[in-house]
Protein chains: 4
Amino acid sequence: MRALVYNGPRDVSVTEVPDAKVERPTDVLIKITATNICGSDLHIYEGRNPLDPGMTIGHENTGEVIEVGDAVIKIKVGDRVSIPFNIGCGFCRNCERGLTGFCLSVNPEMPGGAYGYPDMGGYQGGQAELLRVPFGDFNCLKLPEDAVDKEADYAMLADIWPTGWHGTELARVQPGDSVVVYGGGPVGLMAALSAQVKGADQVMLVDRQPDRLKLAEQIGVTPIDDSDGTHVDQILEHTRGEGAARGVEAVGWQAHDPQGHEVPNQTLNDLVKSVRATGGIGVVGVFPPEDPEGPDKLMQEGKIAFDMGEFFTKGQFMGTGQANVKSYNRELRDLIHDGKANPAWIVSHHLSLEEGPDGYKHFDARDDGWTKVILHP
Amino acid sequence: MRALVYNGPRDVSVTEVPDAKVERPTDVLIKITATNICGSDLHIYEGRNPLDPGMTIGHENTGEVIEVGDAVIKIKVGDRVSIPFNIGCGFCRNCERGLTGFCLSVNPEMPGGAYGYPDMGGYQGGQAELLRVPFGDFNCLKLPEDAVDKEADYAMLADIWPTGWHGTELARVQPGDSVVVYGGGPVGLMAALSAQVKGADQVMLVDRQPDRLKLAEQIGVTPIDDSDGTHVDQILEHTRGEGAARGVEAVGWQAHDPQGHEVPNQTLNDLVKSVRATGGIGVVGVFPPEDPEGPDKLMQEGKIAFDMGEFFTKGQFMGTGQANVKSYNRELRDLIHDGKANPAWIVSHHLSLEEGPDGYKHFDARDDGWTKVILHP
Amino acid sequence: MRALVYNGPRDVSVTEVPDAKVERPTDVLIKITATNICGSDLHIYEGRNPLDPGMTIGHENTGEVIEVGDAVIKIKVGDRVSIPFNIGCGFCRNCERGLTGFCLSVNPEMPGGAYGYPDMGGYQGGQAELLRVPFGDFNCLKLPEDAVDKEADYAMLADIWPTGWHGTELARVQPGDSVVVYGGGPVGLMAALSAQVKGADQVMLVDRQPDRLKLAEQIGVTPIDDSDGTHVDQILEHTRGEGAARGVEAVGWQAHDPQGHEVPNQTLNDLVKSVRATGGIGVVGVFPPEDPEGPDKLMQEGKIAFDMGEFFTKGQFMGTGQANVKSYNRELRDLIHDGKANPAWIVSHHLSLEEGPDGYKHFDARDDGWTKVILHP
Amino acid sequence: MRALVYNGPRDVSVTEVPDAKVERPTDVLIKITATNICGSDLHIYEGRNPLDPGMTIGHENTGEVIEVGDAVIKIKVGDRVSIPFNIGCGFCRNCERGLTGFCLSVNPEMPGGAYGYPDMGGYQGGQAELLRVPFGDFNCLKLPEDAVDKEADYAMLADIWPTGWHGTELARVQPGDSVVVYGGGPVGLMAALSAQVKGADQVMLVDRQPDRLKLAEQIGVTPIDDSDGTHVDQILEHTRGEGAARGVEAVGWQAHDPQGHEVPNQTLNDLVKSVRATGGIGVVGVFPPEDPEGPDKLMQEGKIAFDMGEFFTKGQFMGTGQANVKSYNRELRDLIHDGKANPAWIVSHHLSLEEGPDGYKHFDARDDGWTKVILHP
């Protein structure tokens, strides 16, 4: 089959690889119909968090079931399904509690597995014609009869909408809360959408790229341009000087100042200032345990200079970690199905698999208007 | 009246000051019967977090009502009461939500007020014969008929038991959880007691002072001696290599390594290692927004080099801040009254007010056996 | 001052009564600008739940502060305020926990006080020129600068929006849930609006009056007409045969079958059938502890023939009781202020106080189009 | 193999039946080492809730794994395991949310499956030498190295301890709460133990059989004898006239008055009176959807005359349904392993499988001292 594989920093190509197949009785085999390029795929692409050369990338997968193992009873051939990026077993202590991003069965190295991602168990990605889905009855979410018509919306269920939603859950966003999201990439925009769906009062999004700020504005979110460094003041002004009730970090350690330097502690310390006393912060931007090649000395060993004193004095709390997609994807699917939300408003490009490498180049360059790319193998 | 006042670093004395009195119709006036020296009073005593000279120290107060303002309807003269260290109004957004440690009415500088404490609104402390309690109906907790017999137990309700309890709430300790507490001072011991009361499975306490580890052991807590630096390994060994489900930080920024140097990020980073993926950390040890005179360069501006990468990768969460005493003190009072808990097991010394300065000296020196001091004016 | 008083069954009149005034140092005196007739005022009007003759009716009050007692520090003369229908002290065990509908201080007979309502402490109502508000700092919610422009919306904050919201809280409505509301009176419509604001997936409302069903439809709610008795089947059809995830009871014991007979257990047993296994039911329709004059024998002593067997087998849960308005009114106020919700869409009539008795007559007769009445003294 | 089968009302026998075996790749086969007689087995035994003749009874099962299907990866031959009474698939909407008592996959008739129980999917029970466990990786809980030494304690994990615990969860028991449990059978005693473990303040248990009241007393629970009808008054007296904060119903529809008549609404209405305003009630005693042969007319169609008026006026809530055992059994296992709880204190008899029919006779007769029976095949 054809697959988009990682060769080395800024070098991906579409090539022939062995067909994915059912290997265990609980497996399901999927024909991929939509597979998105994720912001975290760019960490791979840039070589900052590299994959083994030759491995297929891709963890935002949607498709049609073409074969099921002997032990599979719920999922049927022909079902249209969304596949959460994290792989769970369904029966370990964490999966049982809904913490499927930290499955104890699927990755011998650490809790949590994923498709086409470094250190997540060695599973092949889905930017390919076929995908093997372990524990298929647990990991496949069946899509309704409008699966094809609303494919772009449903394609957001594999990762970024649940991840944005997770940010608002970690921050414990409640109806009537004011919310500030740092980062207007796909996940940040989804966090802002999630806050809107949950009945947040005032939602603000901080970024400096006009295309992203414009997308935020389209759904009624207040855009905050941070290119002149006044963003914290703007947020305080919007909230009677108090700060937002809740904040979401959707940037991660590769935050840049307006001059283009990486400043790993920037967004988190800005959030401590932007959120009011007793408020909460949800962190879904990635902070890796080490970054040996990175420019920041503390961050090379996974540390940041964090404003713990102000954080404590304000009595704030912070939740972190990759999203447990399965905790949210059913309800979000239903909201799409019933027309209550249309997350695909951020999708800018639909490409073929063969056009994938070109898509990576533009998305990585943050070219204007390249906000979200779906590949259709 | 007689009162214990702060004069300057390591200089406190008992002296004559103007009588406390009812100033507003909602005030209550208390004759102090028990007032404890708190670990955070030592930050004042050492001049690291100094009080205005001449102010009375003391925020862990218990006493008898001797006068009430015209608007007071619940509290009566003669009532024995415990006074939460934080002062709340009862009707601001935070007090209404139980966040009484962050009252928006009682301190014009920042959310939250307290007795005899820097930057908390300028209220006189209770290490004195009399104390003025603002919003008395809201801030006084009535004690039952055994108020005198169990005075030492009830004296723990003003601060340290609720603060230890808060640590376990912030970490979201549930029945059956394994819990590790860093710091065996009064608050750490109370956090360990709280975890026991809540039905935690295995409770561990990290410290290096034998008197503290012994007190932990007396209530069935596993003592972990960190003097040789193997404490994280010991915790992992006790928890099948996984780490504890929950952790509590009860040390604060003045953590010391075994050689006696201040290492502000030590306990928090050790907690990240000691707590399992998806676990929670409650921080009740104090981290100030700045520490200009301190030895650590980052901490001078309130920062620590925090293991954000590992914290995020493990999907942990952290809650912080001073305890909202009123959220817990009713139920904890009832547990004392019905004999379900005896927090006074840590009290080592009962002194008169005049002996207070001597008590400060010994407690600050961490003299062996000086685990908790109550003054009786 | 002029006030609308209860004289006897179906007999109310506007008459001269002694001026309301500040009686205690914590009181606030309000000039009423808007005071609504509530569905539960009709229980008084009809004599089913009578008030003492001569007492002023009215618990949905909005106004301007014209005097404050000596102990009041937050609320100022000139403030525009919304007054929750329940009166709380702010410092009893229940008020501290946000359970202000069950205040232990303001009513010697049972937990909970209210204005102009039987058995709720004997407080005069607000369908009058002036209203005395006890514990004014606690009970007044300050309205923002658009208080006059959006008066009709803010007038919904005193009772019916928080009460409808409470129904969805008791049922634990979460984003993505399907929700069915029984009863399309003001409270039921507000419950439906609340579910929409919270991001519910599909919201259905059961009634048989065309004006109510039309109002539901206007905000995107699915109207379910129960006049032919097929409502449960309709709900099952809308939810793939499973039933709604959550249900709200907004009718109470005076439910009628299509033939016009009172059937007190009807809506609750229909809800058990309409809600899926493991689902929740929030009951905000009133069920009194006794109804001696009522037509139903069980209900005369406060009982209904409840489908406990099906309720248990389905593992459902039920929460009940009057709304704790203060737990919700700040956030709901902010949603109005920022234009996220406009609860006044249900208001059909603005009358003067003198027109009040006529308003009662039409509203009680359920005359077409009389969905909600505001009086402006 | 030998198995205890139901033949008809009050007629069970041990007989030869076909061996249980692995039927699907996800199955696990267990050799039973301990299988308890449950109070709800008596509903079968008495013919009130009959099983198909010839079916094996028994849903409280503990054993050793002797064979696993091809798809099983976690559970190994030789593992000692506790088997939750409810059978879950692990991947339906309810199992994913921890609602394993309402699995949508294992029973075509209604949500929820179980071993050896009417209307629960037709699975054979475990009062036999062998048991087939569907979805073995999900449904087996591995026991630690003291599995044999503490077998009686671990045998309580299959049903009654989690069921008692569930009662306290449904009632939302918090540390410091007062709790009253109606019913001193095994489940009621376990609810009382659960409240103790959770740090409840005062725990009371209502029954009239001396052996049960004595067992309650042994763990520090206040026994309330209801044989003279003063139990509600006793509870009010123990709680300063207010009623308990939380209540648990552990009797079910076959409640008897002291004269021996069945009064299905008795315990629930007593609970409404015994629990304070705003309090919660957890119902784990069984109420069936119909009881055609029963003596109570309302209950024949599954109804009870419920004090809805008082329940609503007090703003109480109620949760119901069979326990989701898997939500609790890991943590409860750990509490046994670490010596924090010893639920086997209620076990009165250890019998062989062949002695089982005799055990049913004595347990059904409520013979003095027959509080809990374990069969060892």
# chains A, B, ... in the order shown; residues from 1 in each chain; ligands from 1

$ closest_atom_pairs --of "chain D" --to "chain A" --cutoff "10 Å" --atoms "only C-alpha atoms" --output "Markdown table"
| residue | atom | partner | partner_atom | distance |
| --- | --- | --- | --- | --- |
| D:Arg24 | CA | A:Ala71 | CA | 7.2 |
| D:Pro25 | CA | A:Ala71 | CA | 5.7 |
| D:Thr26 | CA | A:Ala71 | CA | 6.5 |
| D:Asp27 | CA | A:Ala71 | CA | 9.8 |
| D:Gly69 | CA | A:Ala71 | CA | 9.6 |
| D:Asp70 | CA | A:Pro25 | CA | 7.5 |
| D:Ala71 | CA | A:Pro25 | CA | 5.7 |
| D:Val72 | CA | A:Thr26 | CA | 9.3 |
| D:Ile73 | CA | A:Ser105 | CA | 9.0 |
| D:Lys74 | CA | A:Ser105 | CA | 8.2 |
| D:Cys89 | CA | A:Gly90 | CA | 9.4 |
| D:Gly90 | CA | A:Gly90 | CA | 6.0 |
| D:Phe91 | CA | A:Phe138 | CA | 4.8 |
| D:Cys92 | CA | A:Phe138 | CA | 8.0 |
| D:Arg93 | CA | A:Arg330 | CA | 8.3 |
| D:Cys95 | CA | A:Glu96 | CA | 8.3 |
| D:Glu96 | CA | A:Gly98 | CA | 6.8 |
| D:Arg97 | CA | A:Gly98 | CA | 7.0 |
| D:Gly98 | CA | A:Glu96 | CA | 6.8 |
| D:Ser105 | CA | A:Lys74 | CA | 8.1 |
| D:Phe135 | CA | A:Phe91 | CA | 9.6 |
| D:Gly136 | CA | A:Phe91 | CA | 9.5 |
| D:Asp137 | CA | A:Phe91 | CA | 6.3 |
| D:Phe138 | CA | A:Phe91 | CA | 4.8 |
| D:Asn139 | CA | A:Phe91 | CA | 8.3 |
| D:Cys140 | CA | A:Phe91 | CA | 9.5 |
| D:Lys326 | CA | A:Glu96 | CA | 8.3 |
| D:Ser327 | CA | A:Arg97 | CA | 8.0 |
| D:Arg330 | CA | A:Arg93 | CA | 8.3 |

$ closest_residue --among "B:Ile160, B:Ala255, B:Leu375, B:Val325" --to "Val187 in chain B" --atoms "only C-alpha atoms"
B:Ile160

$ atom_distance --atom1 "CA of Ala191 in chain C" --atom2 "CA of Trp165 in chain C"
5.4 Å

$ select_by_dssp --residues "range 11-222 of chain A" --states "strand (DSSP E)" --output "ChimeraX atom specification"
/A:11-16,28-37,60-68,80-83,86-87,113-114,130-133,141-142,178-182,202-207,222

$ write_last_selection --atoms "N, CA and C atoms" --output "short mmCIF file (atom, residue, chain, number, x, y, z; two decimals), in the first residue's frame"
data_model
loop_
_atom_site.label_atom_id
_atom_site.label_comp_id
_atom_site.auth_asym_id
_atom_site.auth_seq_id
_atom_site.Cartn_x
_atom_site.Cartn_y
_atom_site.Cartn_z
N ASP A 11 12.07 15.77 5.73
CA ASP A 11 12.09 14.85 4.59
C ASP A 11 11.06 13.75 4.81
N VAL A 12 9.91 13.92 4.16
CA VAL A 12 8.89 12.86 4.17
C VAL A 12 8.56 12.53 2.72
N SER A 13 8.12 11.28 2.48
CA SER A 13 7.76 10.91 1.11
C SER A 13 6.66 9.88 1.11
N VAL A 14 5.93 9.79 0.01
CA VAL A 14 4.90 8.76 -0.14
C VAL A 14 5.53 7.59 -0.89
N THR A 15 5.41 6.41 -0.29
CA THR A 15 6.13 5.27 -0.83
C THR A 15 5.32 3.99 -0.60
N GLU A 16 5.79 2.88 -1.16
CA GLU A 16 5.12 1.59 -1.00
C GLU A 16 5.60 0.93 0.30
N VAL A 28 -9.07 -4.45 14.16
CA VAL A 28 -9.95 -4.03 13.06
C VAL A 28 -9.08 -3.39 12.00
N LEU A 29 -9.39 -3.65 10.72
CA LEU A 29 -8.62 -3.06 9.62
C LEU A 29 -9.47 -1.99 8.93
N ILE A 30 -8.85 -0.84 8.73
CA ILE A 30 -9.56 0.34 8.22
C ILE A 30 -8.98 0.77 6.87
N LYS A 31 -9.84 1.10 5.95
CA LYS A 31 -9.43 1.84 4.75
C LYS A 31 -9.56 3.33 5.09
N ILE A 32 -8.43 4.04 5.00
CA ILE A 32 -8.43 5.45 5.42
C ILE A 32 -9.13 6.31 4.36
N THR A 33 -10.05 7.15 4.84
CA THR A 33 -10.70 8.09 3.92
C THR A 33 -10.27 9.53 4.19
N ALA A 34 -9.86 9.81 5.42
CA ALA A 34 -9.38 11.16 5.78
C ALA A 34 -8.35 11.01 6.88
N THR A 35 -7.21 11.69 6.71
CA THR A 35 -6.15 11.63 7.72
C THR A 35 -5.46 12.99 7.73
N ASN A 36 -5.51 13.65 8.88
CA ASN A 36 -5.07 15.04 8.94
C ASN A 36 -3.60 15.16 9.32
N ILE A 37 -2.98 16.23 8.87
CA ILE A 37 -1.66 16.59 9.37
C ILE A 37 -1.87 17.39 10.65
N GLU A 60 -4.38 11.17 13.09
CA GLU A 60 -5.74 11.75 13.05
C GLU A 60 -6.51 11.06 11.92
N ASN A 61 -7.07 9.88 12.23
CA ASN A 61 -7.53 8.99 11.18
C ASN A 61 -9.03 8.73 11.20
N THR A 62 -9.59 8.69 10.00
CA THR A 62 -11.00 8.40 9.80
C THR A 62 -11.10 7.43 8.63
N GLY A 63 -12.01 6.46 8.70
CA GLY A 63 -12.06 5.53 7.58
C GLY A 63 -13.24 4.60 7.60
N GLU A 64 -13.12 3.56 6.77
CA GLU A 64 -14.19 2.57 6.64
C GLU A 64 -13.61 1.20 7.00
N VAL A 65 -14.39 0.44 7.77
CA VAL A 65 -13.92 -0.88 8.22
C VAL A 65 -13.98 -1.86 7.05
N ILE A 66 -12.84 -2.56 6.79
CA ILE A 66 -12.86 -3.55 5.71
C ILE A 66 -12.60 -4.97 6.20
N GLU A 67 -12.18 -5.12 7.47
CA GLU A 67 -12.00 -6.46 8.02
C GLU A 67 -11.98 -6.38 9.54
N VAL A 68 -12.51 -7.42 10.19
CA VAL A 68 -12.46 -7.44 11.66
C VAL A 68 -11.95 -8.79 12.13
N ARG A 80 -18.44 3.17 9.05
CA ARG A 80 -17.58 4.36 8.99
C ARG A 80 -17.17 4.70 10.42
N VAL A 81 -15.88 4.91 10.62
CA VAL A 81 -15.40 5.09 12.00
C VAL A 81 -14.38 6.21 12.12
N SER A 82 -14.37 6.82 13.31
CA SER A 82 -13.31 7.75 13.69
C SER A 82 -12.40 7.02 14.66
N ILE A 83 -11.08 7.20 14.50
CA ILE A 83 -10.12 6.47 15.33
C ILE A 83 -9.39 7.46 16.24
N ASN A 86 -5.07 8.21 20.48
CA ASN A 86 -4.44 7.32 21.46
C ASN A 86 -5.06 5.92 21.39
N ILE A 87 -4.22 4.93 21.59
CA ILE A 87 -4.63 3.53 21.53
C ILE A 87 -4.82 3.04 22.95
N GLY A 113 -0.28 4.94 24.27
CA GLY A 113 0.16 4.58 22.94
C GLY A 113 -0.52 5.44 21.89
N ALA A 114 0.06 5.49 20.69
CA ALA A 114 -0.55 6.28 19.61
C ALA A 114 -0.02 5.76 18.28
N LEU A 130 -4.23 2.03 4.37
CA LEU A 130 -4.85 1.15 5.35
C LEU A 130 -4.27 1.38 6.74
N LEU A 131 -5.06 1.03 7.75
CA LEU A 131 -4.58 1.17 9.13
C LEU A 131 -5.08 0.00 9.96
N ARG A 132 -4.17 -0.58 10.71
CA ARG A 132 -4.55 -1.60 11.70
C ARG A 132 -4.91 -0.90 13.01
N VAL A 133 -6.11 -1.20 13.53
CA VAL A 133 -6.58 -0.61 14.78
C VAL A 133 -6.65 -1.70 15.85
N LEU A 141 -14.86 4.54 16.88
CA LEU A 141 -16.13 5.23 17.15
C LEU A 141 -16.95 5.21 15.88
N LYS A 142 -18.11 4.58 15.94
CA LYS A 142 -18.97 4.48 14.77
C LYS A 142 -19.57 5.84 14.42
N SER A 178 -15.35 33.33 31.97
CA SER A 178 -14.51 33.94 30.95
C SER A 178 -13.29 33.03 30.75
N VAL A 179 -12.87 32.91 29.49
CA VAL A 179 -11.82 31.94 29.13
C VAL A 179 -10.84 32.60 28.18
N VAL A 180 -9.53 32.40 28.42
CA VAL A 180 -8.54 32.85 27.47
C VAL A 180 -7.74 31.65 26.97
N VAL A 181 -7.58 31.56 25.66
CA VAL A 181 -6.81 30.48 25.04
C VAL A 181 -5.53 31.08 24.47
N TYR A 182 -4.39 30.53 24.84
CA TYR A 182 -3.13 30.96 24.24
C TYR A 182 -2.79 30.01 23.10
N GLN A 202 -17.26 34.85 28.03
CA GLN A 202 -16.42 35.60 27.10
C GLN A 202 -15.20 34.74 26.78
N VAL A 203 -14.95 34.50 25.50
CA VAL A 203 -13.82 33.67 25.10
C VAL A 203 -12.84 34.54 24.31
N MET A 204 -11.57 34.49 24.73
CA MET A 204 -10.52 35.26 24.06
C MET A 204 -9.45 34.32 23.54
N LEU A 205 -8.83 34.66 22.42
CA LEU A 205 -7.77 33.82 21.86
C LEU A 205 -6.57 34.69 21.50
N VAL A 206 -5.40 34.29 22.01
CA VAL A 206 -4.17 35.05 21.82
C VAL A 206 -3.32 34.42 20.72
N ASP A 207 -2.97 35.19 19.73
CA ASP A 207 -2.07 34.75 18.68
C ASP A 207 -1.58 36.02 17.96
N THR A 222 -13.16 36.62 20.90
CA THR A 222 -12.44 37.88 20.87
C THR A 222 -10.96 37.64 20.55
#

$ residues_around --residues "Cys38 in chain D" --least-positions-apart "6" --cutoff "9 Å" --atoms "only C-alpha atoms" --output "VMD selection string"
chain D and resid 58 to 60 159 to 160 186 372 to 373

$ write_last_selection --atoms "N, CA, C and O atoms" --output "tab-separated table (two decimals), in the first residue's frame"
chain	number	residue	atom	x	y	z
D	58	GLY	N	-25.72	-18.16	41.37
D	58	GLY	CA	-24.43	-17.75	41.93
D	58	GLY	C	-23.72	-16.65	41.20
D	58	GLY	O	-23.17	-16.86	40.12
D	59	HIS	N	-23.70	-15.45	41.80
D	59	HIS	CA	-23.03	-14.33	41.13
D	59	HIS	C	-21.94	-13.69	41.98
D	59	HIS	O	-21.38	-12.68	41.60
D	60	GLU	N	-21.62	-14.28	43.12
D	60	GLU	CA	-20.54	-13.73	43.96
D	60	GLU	C	-19.36	-14.69	43.92
D	60	GLU	O	-19.15	-15.48	44.84
D	159	ASP	N	-19.52	-8.68	45.00
D	159	ASP	CA	-20.82	-8.04	45.02
D	159	ASP	C	-21.02	-7.15	46.24
D	159	ASP	O	-21.09	-5.92	46.11
D	160	ILE	N	-21.05	-7.76	47.44
D	160	ILE	CA	-21.68	-7.01	48.53
D	160	ILE	C	-20.88	-5.81	49.02
D	160	ILE	O	-21.48	-4.80	49.37
D	186	PRO	N	-26.18	-8.33	54.78
D	186	PRO	CA	-24.79	-8.17	54.32
D	186	PRO	C	-24.55	-6.85	53.59
D	186	PRO	O	-23.55	-6.19	53.86
D	372	LYS	N	-23.85	-14.54	56.81
D	372	LYS	CA	-23.29	-14.61	55.45
D	372	LYS	C	-22.63	-15.98	55.25
D	372	LYS	O	-21.86	-16.42	56.10
D	373	VAL	N	-22.95	-16.60	54.09
D	373	VAL	CA	-22.49	-17.96	53.82
D	373	VAL	C	-21.59	-17.98	52.59
D	373	VAL	O	-21.94	-17.43	51.54

$ atom_distance --atom1 "CA of Gly229 in chain A" --atom2 "CA of Gly241 in chain A"
17.1 Å

$ select_by_dssp --residues "range 43-130 of chain A" --states "helix (DSSP H, G or I)" --output "number ranges by chain"
A: 43-45, 93-96, 100-102

$ write_last_selection --atoms "N, CA, C and O atoms" --output "PDB file, in the first residue's frame"
ATOM      1  N   HIS A  43       6.469  18.545  14.821  1.00  0.00           N
ATOM      2  CA  HIS A  43       7.615  18.275  15.706  1.00  0.00           C
ATOM      3  C   HIS A  43       8.424  17.103  15.139  1.00  0.00           C
ATOM      4  O   HIS A  43       9.649  17.083  15.218  1.00  0.00           O
ATOM      5  N   ILE A  44       7.716  16.116  14.588  1.00  0.00           N
ATOM      6  CA  ILE A  44       8.403  15.006  13.909  1.00  0.00           C
ATOM      7  C   ILE A  44       9.115  15.533  12.668  1.00  0.00           C
ATOM      8  O   ILE A  44      10.315  15.310  12.479  1.00  0.00           O
ATOM      9  N   TYR A  45       8.369  16.214  11.835  1.00  0.00           N
ATOM     10  CA  TYR A  45       8.859  16.693  10.534  1.00  0.00           C
ATOM     11  C   TYR A  45      10.132  17.511  10.691  1.00  0.00           C
ATOM     12  O   TYR A  45      11.097  17.355   9.941  1.00  0.00           O
ATOM     13  N   ARG A  93      -6.114  -0.229  34.423  1.00  0.00           N
ATOM     14  CA  ARG A  93      -6.630   0.707  35.439  1.00  0.00           C
ATOM     15  C   ARG A  93      -6.942   2.070  34.838  1.00  0.00           C
ATOM     16  O   ARG A  93      -7.948   2.696  35.154  1.00  0.00           O
ATOM     17  N   ASN A  94      -6.080   2.536  33.951  1.00  0.00           N
ATOM     18  CA  ASN A  94      -6.319   3.863  33.390  1.00  0.00           C
ATOM     19  C   ASN A  94      -7.455   3.881  32.381  1.00  0.00           C
ATOM     20  O   ASN A  94      -8.314   4.769  32.427  1.00  0.00           O
ATOM     21  N   CYS A  95      -7.483   2.919  31.441  1.00  0.00           N
ATOM     22  CA  CYS A  95      -8.588   2.893  30.466  1.00  0.00           C
ATOM     23  C   CYS A  95      -9.933   2.795  31.173  1.00  0.00           C
ATOM     24  O   CYS A  95     -10.901   3.460  30.779  1.00  0.00           O
ATOM     25  N   GLU A  96     -10.000   1.965  32.198  1.00  0.00           N
ATOM     26  CA  GLU A  96     -11.262   1.819  32.934  1.00  0.00           C
ATOM     27  C   GLU A  96     -11.763   3.126  33.517  1.00  0.00           C
ATOM     28  O   GLU A  96     -12.959   3.321  33.693  1.00  0.00           O
ATOM     29  N   THR A 100      -7.685   7.061  28.772  1.00  0.00           N
ATOM     30  CA  THR A 100      -7.203   6.217  27.671  1.00  0.00           C
ATOM     31  C   THR A 100      -5.938   6.757  27.028  1.00  0.00           C
ATOM     32  O   THR A 100      -5.296   6.054  26.255  1.00  0.00           O
ATOM     33  N   GLY A 101      -5.569   7.979  27.331  1.00  0.00           N
ATOM     34  CA  GLY A 101      -4.295   8.505  26.851  1.00  0.00           C
ATOM     35  C   GLY A 101      -3.117   7.946  27.625  1.00  0.00           C
ATOM     36  O   GLY A 101      -1.965   8.221  27.266  1.00  0.00           O
ATOM     37  N   PHE A 102      -3.389   7.177  28.659  1.00  0.00           N
ATOM     38  CA  PHE A 102      -2.326   6.661  29.518  1.00  0.00           C
ATOM     39  C   PHE A 102      -2.495   5.162  29.724  1.00  0.00           C
ATOM     40  O   PHE A 102      -2.265   4.638  30.808  1.00  0.00           O
TER      41      PHE A 102
END

$ residues_around --residues "Gln196 in chain A" --least-positions-apart "2" --cutoff "9 Å" --atoms "only C-alpha atoms" --output "list in words"
Pro175, Ala191, Ala192, Leu193, Ser194, Lys198, Gly199, Ala200, Asp201, Gln202, Val203, Ile219, Gly220 and Val221 of chain A; Gly199 of chain C

$ atom_distance --atom1 "CA of Leu213 in chain D" --atom2 "CA of Lys361 in chain D"
22.0 Å

$ residues_around --residues "Pro289 in chain D" --least-positions-apart "3" --cutoff "10 Å" --atoms "only C-alpha atoms" --output "MDAnalysis selection string"
(chainID C and resid 307:314) or (chainID D and resid 286 292 299:303)

$ write_last_selection --atoms "N, CA and C atoms" --output "compact mmCIF listing (two decimals), in the first residue's frame"
# COMPACT_ATOMS: atom_id res chain seq x y z
N ASP C 307 -43.26 5.03 40.12
CA ASP C 307 -42.72 3.82 39.48
C ASP C 307 -41.32 3.49 39.99
N MET C 308 -41.23 3.18 41.25
CA MET C 308 -39.93 2.95 41.87
C MET C 308 -39.22 1.75 41.25
N GLY C 309 -40.00 0.73 40.88
CA GLY C 309 -39.39 -0.47 40.31
C GLY C 309 -38.65 -0.19 39.02
N GLU C 310 -39.27 0.56 38.13
CA GLU C 310 -38.61 0.87 36.86
C GLU C 310 -37.46 1.85 37.08
N PHE C 311 -37.70 2.81 37.97
CA PHE C 311 -36.67 3.80 38.30
C PHE C 311 -35.40 3.10 38.80
N PHE C 312 -35.57 2.14 39.72
CA PHE C 312 -34.43 1.41 40.27
C PHE C 312 -33.78 0.52 39.22
N THR C 313 -34.62 -0.20 38.48
CA THR C 313 -34.07 -1.13 37.50
C THR C 313 -33.25 -0.41 36.45
N LYS C 314 -33.68 0.80 36.10
CA LYS C 314 -32.92 1.61 35.14
C LYS C 314 -31.75 2.35 35.80
N VAL D 286 -33.32 -3.86 46.36
CA VAL D 286 -33.95 -4.07 45.05
C VAL D 286 -35.43 -3.70 45.04
N PRO D 292 -46.00 -9.43 40.36
CA PRO D 292 -47.40 -9.83 40.14
C PRO D 292 -47.97 -10.68 41.26
N MET D 299 -47.42 -2.25 44.35
CA MET D 299 -46.15 -2.87 44.02
C MET D 299 -46.31 -3.96 42.96
N GLN D 300 -47.52 -4.52 42.85
CA GLN D 300 -47.71 -5.52 41.79
C GLN D 300 -47.33 -4.95 40.43
N GLU D 301 -47.56 -3.63 40.26
CA GLU D 301 -47.10 -3.03 39.01
C GLU D 301 -45.86 -2.14 39.21
N GLY D 302 -45.10 -2.44 40.25
CA GLY D 302 -43.81 -1.78 40.43
C GLY D 302 -43.86 -0.41 41.07
N LYS D 303 -45.01 -0.04 41.63
CA LYS D 303 -45.15 1.31 42.21
C LYS D 303 -45.13 1.27 43.73
